[in-house]
Amino acid sequence: MRILLVEDDAMIGTSVQRGLRQGGHAVDWVRDGVAADLALHDTPYDLLVLDLGLPKRDGIQVLTDLRASGSALPVLVLTARDAVSDRIRGLDAGADDYLVKPFDLDELAARVRALARRQRGGAEPQMQLGALVLDPAAHAVMLDAQPVKLSAREFALLEALFEADGKPLSRARLEERVYGWGEEVESNAIEVHIHALRRKLGAGWIRNLRGVGYTLSEPT
Ligand code: CA
């Protein structure tokens, strides 16, 4: 997923960004509420991880404006310990879930997966297409009940194709999903990952619709 992280604490921000990236997500990190507004305006995100106590613009204001604009983007709010009123304000302003600092990175990863699952509209933790199964929680892919070893980028790409549910994704959209800001992206990076996925899964799973993008479908 492409995730926007809004957190002004350098230590928390660094560890959350690292943890989510290890989970195969593309994570953009901004440190104040104004930068958050700009990023949300410019980039299509799949999830927002939002600290409430922020410089320049309060997290509650960011969230309130986001919901007022009609966005249904899943939002996980980070609040300070004991700040019960913060949690209530966050949920009232339209947050989907919250975590109280300090929190465990594994718990954050689990909450992120749960929100993504809810967003897909299903309780099914695994995604399946024929003999191909992707398990976001276990970060595992199985083909014909055999594990397939993928890099973090390949996994993120395959997850994006699964979530698109047969709709083609352009190379630009896939780049947005797999890479965050400031990450070096070679011009043929997506093609390279697709090539690797086809080599590991078999060529028939990912189709390239010329000029449109890539889709995931069962080999015929
Ligand atoms: Ca803060």
# chains A, B, ... in the order shown; residues from 1 in each chain; ligands from 1

$ select_by_dssp --residues "segment 63-128 of chain A" --states "helix (DSSP H, G or I)" --output "PyMOL selection string"
chain A and resi 63-68+84-92+105-119

$ residues_near_ligand --ligand "ligand 1" --cutoff "12 Å" --atoms "only C-alpha atoms and all ligand atoms" --output "PyMOL selection string"
chain A and resi 5-13+30-33+50-60+77-81+86+100-101

$ write_last_selection --atoms "N, CA, C and O atoms" --output "compact mmCIF listing (two decimals), in the first residue's frame"
# COMPACT_ATOMS: atom_id res chain seq x y z
N LEU A 5 2.48 8.96 6.28
CA LEU A 5 2.74 9.01 7.71
C LEU A 5 2.93 10.47 8.10
O LEU A 5 3.76 11.17 7.52
N VAL A 6 2.14 10.95 9.07
CA VAL A 6 2.28 12.32 9.55
C VAL A 6 2.67 12.25 11.02
O VAL A 6 1.87 11.83 11.86
N GLU A 7 3.90 12.62 11.31
CA GLU A 7 4.44 12.47 12.67
C GLU A 7 5.60 13.45 12.83
O GLU A 7 6.52 13.46 12.02
N ASP A 8 5.55 14.28 13.89
CA ASP A 8 6.62 15.26 14.07
C ASP A 8 7.75 14.74 14.95
O ASP A 8 8.83 15.33 14.98
N ASP A 9 7.53 13.64 15.64
CA ASP A 9 8.59 13.07 16.47
C ASP A 9 9.53 12.24 15.59
O ASP A 9 9.11 11.25 14.97
N ALA A 10 10.81 12.66 15.56
CA ALA A 10 11.76 12.04 14.62
C ALA A 10 11.98 10.56 14.92
O ALA A 10 12.05 9.74 14.00
N MET A 11 12.05 10.22 16.21
CA MET A 11 12.32 8.83 16.56
C MET A 11 11.15 7.91 16.19
O MET A 11 11.32 6.85 15.59
N ILE A 12 9.95 8.37 16.54
CA ILE A 12 8.76 7.56 16.22
C ILE A 12 8.60 7.46 14.70
O ILE A 12 8.37 6.39 14.14
N GLY A 13 8.75 8.62 14.03
CA GLY A 13 8.59 8.64 12.57
C GLY A 13 9.56 7.70 11.87
O GLY A 13 9.17 6.94 10.97
N VAL A 30 5.69 12.99 6.37
CA VAL A 30 5.73 14.44 6.55
C VAL A 30 5.61 14.74 8.04
O VAL A 30 5.13 13.91 8.82
N ARG A 31 6.06 15.96 8.43
CA ARG A 31 6.22 16.24 9.85
C ARG A 31 5.32 17.34 10.39
O ARG A 31 5.41 17.70 11.55
N ASP A 32 4.44 17.89 9.57
CA ASP A 32 3.50 18.89 10.10
C ASP A 32 2.18 18.82 9.33
O ASP A 32 2.08 18.17 8.29
N GLY A 33 1.17 19.52 9.88
CA GLY A 33 -0.18 19.42 9.34
C GLY A 33 -0.35 20.07 7.97
O GLY A 33 -1.15 19.60 7.16
N LEU A 50 -1.81 9.11 11.25
CA LEU A 50 -1.84 10.53 11.61
C LEU A 50 -1.63 10.75 13.10
O LEU A 50 -2.45 10.32 13.93
N ASP A 51 -0.54 11.44 13.44
CA ASP A 51 -0.35 11.92 14.80
C ASP A 51 -1.28 13.12 14.99
O ASP A 51 -1.56 13.84 14.04
N LEU A 52 -1.77 13.32 16.21
CA LEU A 52 -2.70 14.44 16.40
C LEU A 52 -2.00 15.72 16.81
O LEU A 52 -2.35 16.81 16.35
N GLY A 53 -1.00 15.62 17.69
CA GLY A 53 -0.28 16.82 18.12
C GLY A 53 0.80 17.16 17.11
O GLY A 53 1.86 16.55 17.10
N LEU A 54 0.52 18.13 16.22
CA LEU A 54 1.42 18.43 15.11
C LEU A 54 1.72 19.92 15.05
O LEU A 54 0.87 20.73 15.41
N PRO A 55 2.91 20.31 14.57
CA PRO A 55 3.18 21.72 14.33
C PRO A 55 2.35 22.25 13.16
O PRO A 55 1.93 21.48 12.31
N LYS A 56 2.14 23.55 13.16
CA LYS A 56 1.49 24.31 12.07
C LYS A 56 -0.01 24.07 11.95
O LYS A 56 -0.79 24.99 11.79
N ARG A 57 -0.40 22.78 12.01
CA ARG A 57 -1.81 22.49 11.87
C ARG A 57 -2.10 21.20 12.62
O ARG A 57 -1.45 20.19 12.40
N ASP A 58 -3.09 21.26 13.48
CA ASP A 58 -3.44 20.13 14.32
C ASP A 58 -3.93 18.94 13.49
O ASP A 58 -4.58 19.11 12.46
N GLY A 59 -3.61 17.71 13.95
CA GLY A 59 -4.06 16.51 13.23
C GLY A 59 -5.57 16.43 13.11
O GLY A 59 -6.10 15.94 12.11
N ILE A 60 -6.28 16.90 14.14
CA ILE A 60 -7.76 16.87 14.09
C ILE A 60 -8.27 17.74 12.95
O ILE A 60 -9.21 17.36 12.24
N VAL A 77 -5.13 6.89 13.76
CA VAL A 77 -4.66 8.04 14.53
C VAL A 77 -3.69 7.56 15.62
O VAL A 77 -3.89 6.50 16.23
N LEU A 78 -2.61 8.32 15.80
CA LEU A 78 -1.65 8.05 16.88
C LEU A 78 -1.87 9.09 17.97
O LEU A 78 -1.85 10.29 17.70
N THR A 79 -2.10 8.64 19.20
CA THR A 79 -2.35 9.60 20.28
C THR A 79 -1.40 9.35 21.44
O THR A 79 -0.85 8.27 21.59
N ALA A 80 -1.24 10.40 22.25
CA ALA A 80 -0.37 10.30 23.42
C ALA A 80 -1.06 9.47 24.50
O ALA A 80 -2.28 9.38 24.55
N ARG A 81 -0.24 8.86 25.34
CA ARG A 81 -0.76 8.07 26.44
C ARG A 81 -1.68 8.91 27.33
O ARG A 81 -1.44 10.08 27.54
N ASP A 86 -8.27 12.99 23.38
CA ASP A 86 -7.70 12.97 22.03
C ASP A 86 -8.28 11.83 21.20
O ASP A 86 -8.58 11.97 20.04
N VAL A 100 -2.30 4.05 20.86
CA VAL A 100 -1.79 4.90 21.92
C VAL A 100 -0.28 4.70 22.02
O VAL A 100 0.21 3.58 22.04
N LYS A 101 0.46 5.82 22.04
CA LYS A 101 1.93 5.75 22.18
C LYS A 101 2.31 5.43 23.63
O LYS A 101 1.66 5.92 24.53

$ closest_residue --among "A:Phe103, A:Ala152, A:Tyr179, A:Glu159" --to "Asp28 of chain A" --atoms "only C-alpha atoms"
A:Tyr179

$ residues_around --residues "segment 185-201 of chain A" --least-positions-apart "5" --cutoff "12 Å" --atoms "only C-alpha atoms" --output "MDAnalysis selection string"
chainID A and resid 131:133 141:144 146:159 161 169:180 206:208 213:219

$ select_by_dssp --residues "segment 14-135 of chain A" --states "strand (DSSP E)" --output "ChimeraX atom specification"
/A:26-30,47-51,75-79,97-100,127-129,132-135

$ write_last_selection --atoms "N, CA, C and O atoms" --output "mmCIF file, in the first residue's frame"
data_model
loop_
_atom_site.group_PDB
_atom_site.id
_atom_site.type_symbol
_atom_site.label_atom_id
_atom_site.label_comp_id
_atom_site.auth_asym_id
_atom_site.auth_seq_id
_atom_site.Cartn_x
_atom_site.Cartn_y
_atom_site.Cartn_z
ATOM 1 N N ALA A 26 4.879 1.375 0.561
ATOM 2 C CA ALA A 26 5.549 2.616 0.200
ATOM 3 C C ALA A 26 5.086 3.667 1.198
ATOM 4 O O ALA A 26 3.887 3.877 1.367
ATOM 5 N N VAL A 27 6.032 4.287 1.900
ATOM 6 C CA VAL A 27 5.666 5.205 2.986
ATOM 7 C C VAL A 27 6.259 6.585 2.751
ATOM 8 O O VAL A 27 7.473 6.746 2.636
ATOM 9 N N ASP A 28 5.396 7.596 2.641
ATOM 10 C CA ASP A 28 5.843 8.987 2.601
ATOM 11 C C ASP A 28 5.651 9.566 3.993
ATOM 12 O O ASP A 28 4.605 9.387 4.601
ATOM 13 N N TRP A 29 6.665 10.288 4.468
ATOM 14 C CA TRP A 29 6.615 10.802 5.840
ATOM 15 C C TRP A 29 6.672 12.329 5.797
ATOM 16 O O TRP A 29 7.618 12.894 5.247
ATOM 17 N N VAL A 30 5.688 12.987 6.374
ATOM 18 C CA VAL A 30 5.725 14.441 6.553
ATOM 19 C C VAL A 30 5.609 14.742 8.042
ATOM 20 O O VAL A 30 5.130 13.913 8.823
ATOM 21 N N LEU A 47 -3.783 4.715 2.731
ATOM 22 C CA LEU A 47 -3.951 4.773 4.181
ATOM 23 C C LEU A 47 -3.208 5.983 4.735
ATOM 24 O O LEU A 47 -2.156 6.366 4.208
ATOM 25 N N LEU A 48 -3.783 6.571 5.804
ATOM 26 C CA LEU A 48 -3.138 7.693 6.489
ATOM 27 C C LEU A 48 -2.872 7.299 7.940
ATOM 28 O O LEU A 48 -3.783 6.854 8.638
ATOM 29 N N VAL A 49 -1.608 7.445 8.371
ATOM 30 C CA VAL A 49 -1.249 7.255 9.782
ATOM 31 C C VAL A 49 -0.967 8.642 10.327
ATOM 32 O O VAL A 49 -0.025 9.310 9.899
ATOM 33 N N LEU A 50 -1.814 9.111 11.253
ATOM 34 C CA LEU A 50 -1.838 10.527 11.608
ATOM 35 C C LEU A 50 -1.627 10.751 13.101
ATOM 36 O O LEU A 50 -2.449 10.322 13.926
ATOM 37 N N ASP A 51 -0.540 11.437 13.439
ATOM 38 C CA ASP A 51 -0.346 11.918 14.802
ATOM 39 C C ASP A 51 -1.284 13.116 14.994
ATOM 40 O O ASP A 51 -1.559 13.839 14.044
ATOM 41 N N VAL A 75 -8.015 5.976 8.068
ATOM 42 C CA VAL A 75 -7.125 6.794 8.896
ATOM 43 C C VAL A 75 -6.889 6.106 10.239
ATOM 44 O O VAL A 75 -7.835 5.765 10.948
ATOM 45 N N LEU A 76 -5.613 5.922 10.549
ATOM 46 C CA LEU A 76 -5.206 5.401 11.852
ATOM 47 C C LEU A 76 -4.549 6.542 12.612
ATOM 48 O O LEU A 76 -3.556 7.101 12.163
ATOM 49 N N VAL A 77 -5.135 6.895 13.758
ATOM 50 C CA VAL A 77 -4.655 8.038 14.531
ATOM 51 C C VAL A 77 -3.686 7.560 15.617
ATOM 52 O O VAL A 77 -3.893 6.503 16.227
ATOM 53 N N LEU A 78 -2.610 8.323 15.803
ATOM 54 C CA LEU A 78 -1.648 8.054 16.880
ATOM 55 C C LEU A 78 -1.870 9.093 17.972
ATOM 56 O O LEU A 78 -1.852 10.288 17.699
ATOM 57 N N THR A 79 -2.104 8.643 19.202
ATOM 58 C CA THR A 79 -2.346 9.598 20.281
ATOM 59 C C THR A 79 -1.399 9.352 21.438
ATOM 60 O O THR A 79 -0.847 8.270 21.590
ATOM 61 N N ASP A 97 -9.421 4.060 13.333
ATOM 62 C CA ASP A 97 -8.817 3.309 14.429
ATOM 63 C C ASP A 97 -7.778 4.216 15.077
ATOM 64 O O ASP A 97 -7.430 5.265 14.533
ATOM 65 N N TYR A 98 -7.296 3.831 16.265
ATOM 66 C CA TYR A 98 -6.245 4.620 16.903
ATOM 67 C C TYR A 98 -5.273 3.707 17.621
ATOM 68 O O TYR A 98 -5.588 2.571 17.958
ATOM 69 N N LEU A 99 -4.082 4.215 17.829
ATOM 70 C CA LEU A 99 -3.067 3.525 18.625
ATOM 71 C C LEU A 99 -2.530 4.513 19.637
ATOM 72 O O LEU A 99 -2.317 5.685 19.320
ATOM 73 N N VAL A 100 -2.300 4.050 20.865
ATOM 74 C CA VAL A 100 -1.788 4.899 21.924
ATOM 75 C C VAL A 100 -0.277 4.704 22.022
ATOM 76 O O VAL A 100 0.209 3.576 22.040
ATOM 77 N N MET A 127 -6.052 -13.092 0.082
ATOM 78 C CA MET A 127 -6.563 -12.814 -1.252
ATOM 79 C C MET A 127 -6.231 -14.012 -2.127
ATOM 80 O O MET A 127 -5.123 -14.539 -2.076
ATOM 81 N N GLN A 128 -7.206 -14.433 -2.894
ATOM 82 C CA GLN A 128 -6.997 -15.635 -3.696
ATOM 83 C C GLN A 128 -7.534 -15.456 -5.097
ATOM 84 O O GLN A 128 -8.593 -14.866 -5.318
ATOM 85 N N LEU A 129 -6.782 -15.989 -6.047
ATOM 86 C CA LEU A 129 -7.234 -16.063 -7.429
ATOM 87 C C LEU A 129 -6.786 -17.428 -7.934
ATOM 88 O O LEU A 129 -5.592 -17.661 -8.139
ATOM 89 N N LEU A 132 -3.502 -19.204 -6.855
ATOM 90 C CA LEU A 132 -2.578 -18.193 -6.326
ATOM 91 C C LEU A 132 -3.190 -17.529 -5.093
ATOM 92 O O LEU A 132 -4.311 -17.010 -5.157
ATOM 93 N N VAL A 133 -2.462 -17.551 -3.974
ATOM 94 C CA VAL A 133 -2.968 -17.001 -2.710
ATOM 95 C C VAL A 133 -1.944 -16.019 -2.156
ATOM 96 O O VAL A 133 -0.749 -16.320 -2.096
ATOM 97 N N LEU A 134 -2.427 -14.835 -1.772
ATOM 98 C CA LEU A 134 -1.550 -13.856 -1.121
ATOM 99 C C LEU A 134 -2.080 -13.588 0.273
ATOM 100 O O LEU A 134 -3.258 -13.288 0.455
ATOM 101 N N ASP A 135 -1.215 -13.741 1.261
ATOM 102 C CA ASP A 135 -1.589 -13.542 2.658
ATOM 103 C C ASP A 135 -0.857 -12.317 3.194
ATOM 104 O O ASP A 135 0.336 -12.394 3.510
#

$ atom_distance --atom1 "atom CA of Asp165 of chain A" --atom2 "atom CA of His41 of chain A"
25.3 Å

$ closest_residue --among "A:Arg89, A:Ala72, A:Val112, A:Val84" --to "His25 of chain A" --atoms "only C-alpha atoms"
A:Val112

$ atom_distance --atom1 "atom CA of Glu163 of chain A" --atom2 "atom CA of Leu115 of chain A"
13.5 Å

$ atom_distance --atom1 "atom CA of Arg117 of chain A" --atom2 "atom CA of Pro136 of chain A"
9.3 Å

$ residues_around --residues "Gly19 of chain A" --least-positions-apart "5" --cutoff "9 Å" --atoms "only C-alpha atoms" --output "list in words"
Thr14, Leu105, Asp106, Leu108 and Ala109 of chain A

$ write_last_selection --atoms "C-alpha atoms" --output "mmCIF file, in the first residue's frame"
data_model
loop_
_atom_site.group_PDB
_atom_site.id
_atom_site.type_symbol
_atom_site.label_atom_id
_atom_site.label_comp_id
_atom_site.auth_asym_id
_atom_site.auth_seq_id
_atom_site.Cartn_x
_atom_site.Cartn_y
_atom_site.Cartn_z
ATOM 1 C CA THR A 14 11.826 6.879 11.683
ATOM 2 C CA LEU A 105 5.427 -1.983 15.554
ATOM 3 C CA ASP A 106 3.861 -5.418 15.116
ATOM 4 C CA LEU A 108 0.772 -1.118 14.100
ATOM 5 C CA ALA A 109 1.356 -3.497 11.179
#

$ residues_around --residues "Thr220 of chain A" --least-positions-apart "6" --cutoff "12 Å" --atoms "only C-alpha atoms" --output "list in words"
Gly130, Gly202, Ala203, Gly204, Trp205, Ile206 and Arg207 of chain A

$ residues_around --residues "Asp37 of chain A" --least-positions-apart "6" --cutoff "9 Å" --atoms "only C-alpha atoms" --output "JSON, numbers by chain"
{"A": [62, 65, 66]}

$ write_last_selection --atoms "N, CA and C atoms" --output "CSV table (one decimal), in the first residue's frame"
chain,number,residue,atom,x,y,z
A,62,VAL,N,-6.6,18.4,10.2
A,62,VAL,CA,-6.3,17.7,8.9
A,62,VAL,C,-7.4,16.7,8.6
A,65,ASP,N,-10.9,18.2,7.8
A,65,ASP,CA,-11.0,18.7,6.4
A,65,ASP,C,-11.0,17.5,5.4
A,66,LEU,N,-10.2,16.5,5.7
A,66,LEU,CA,-10.2,15.3,4.8
A,66,LEU,C,-11.6,14.7,4.7
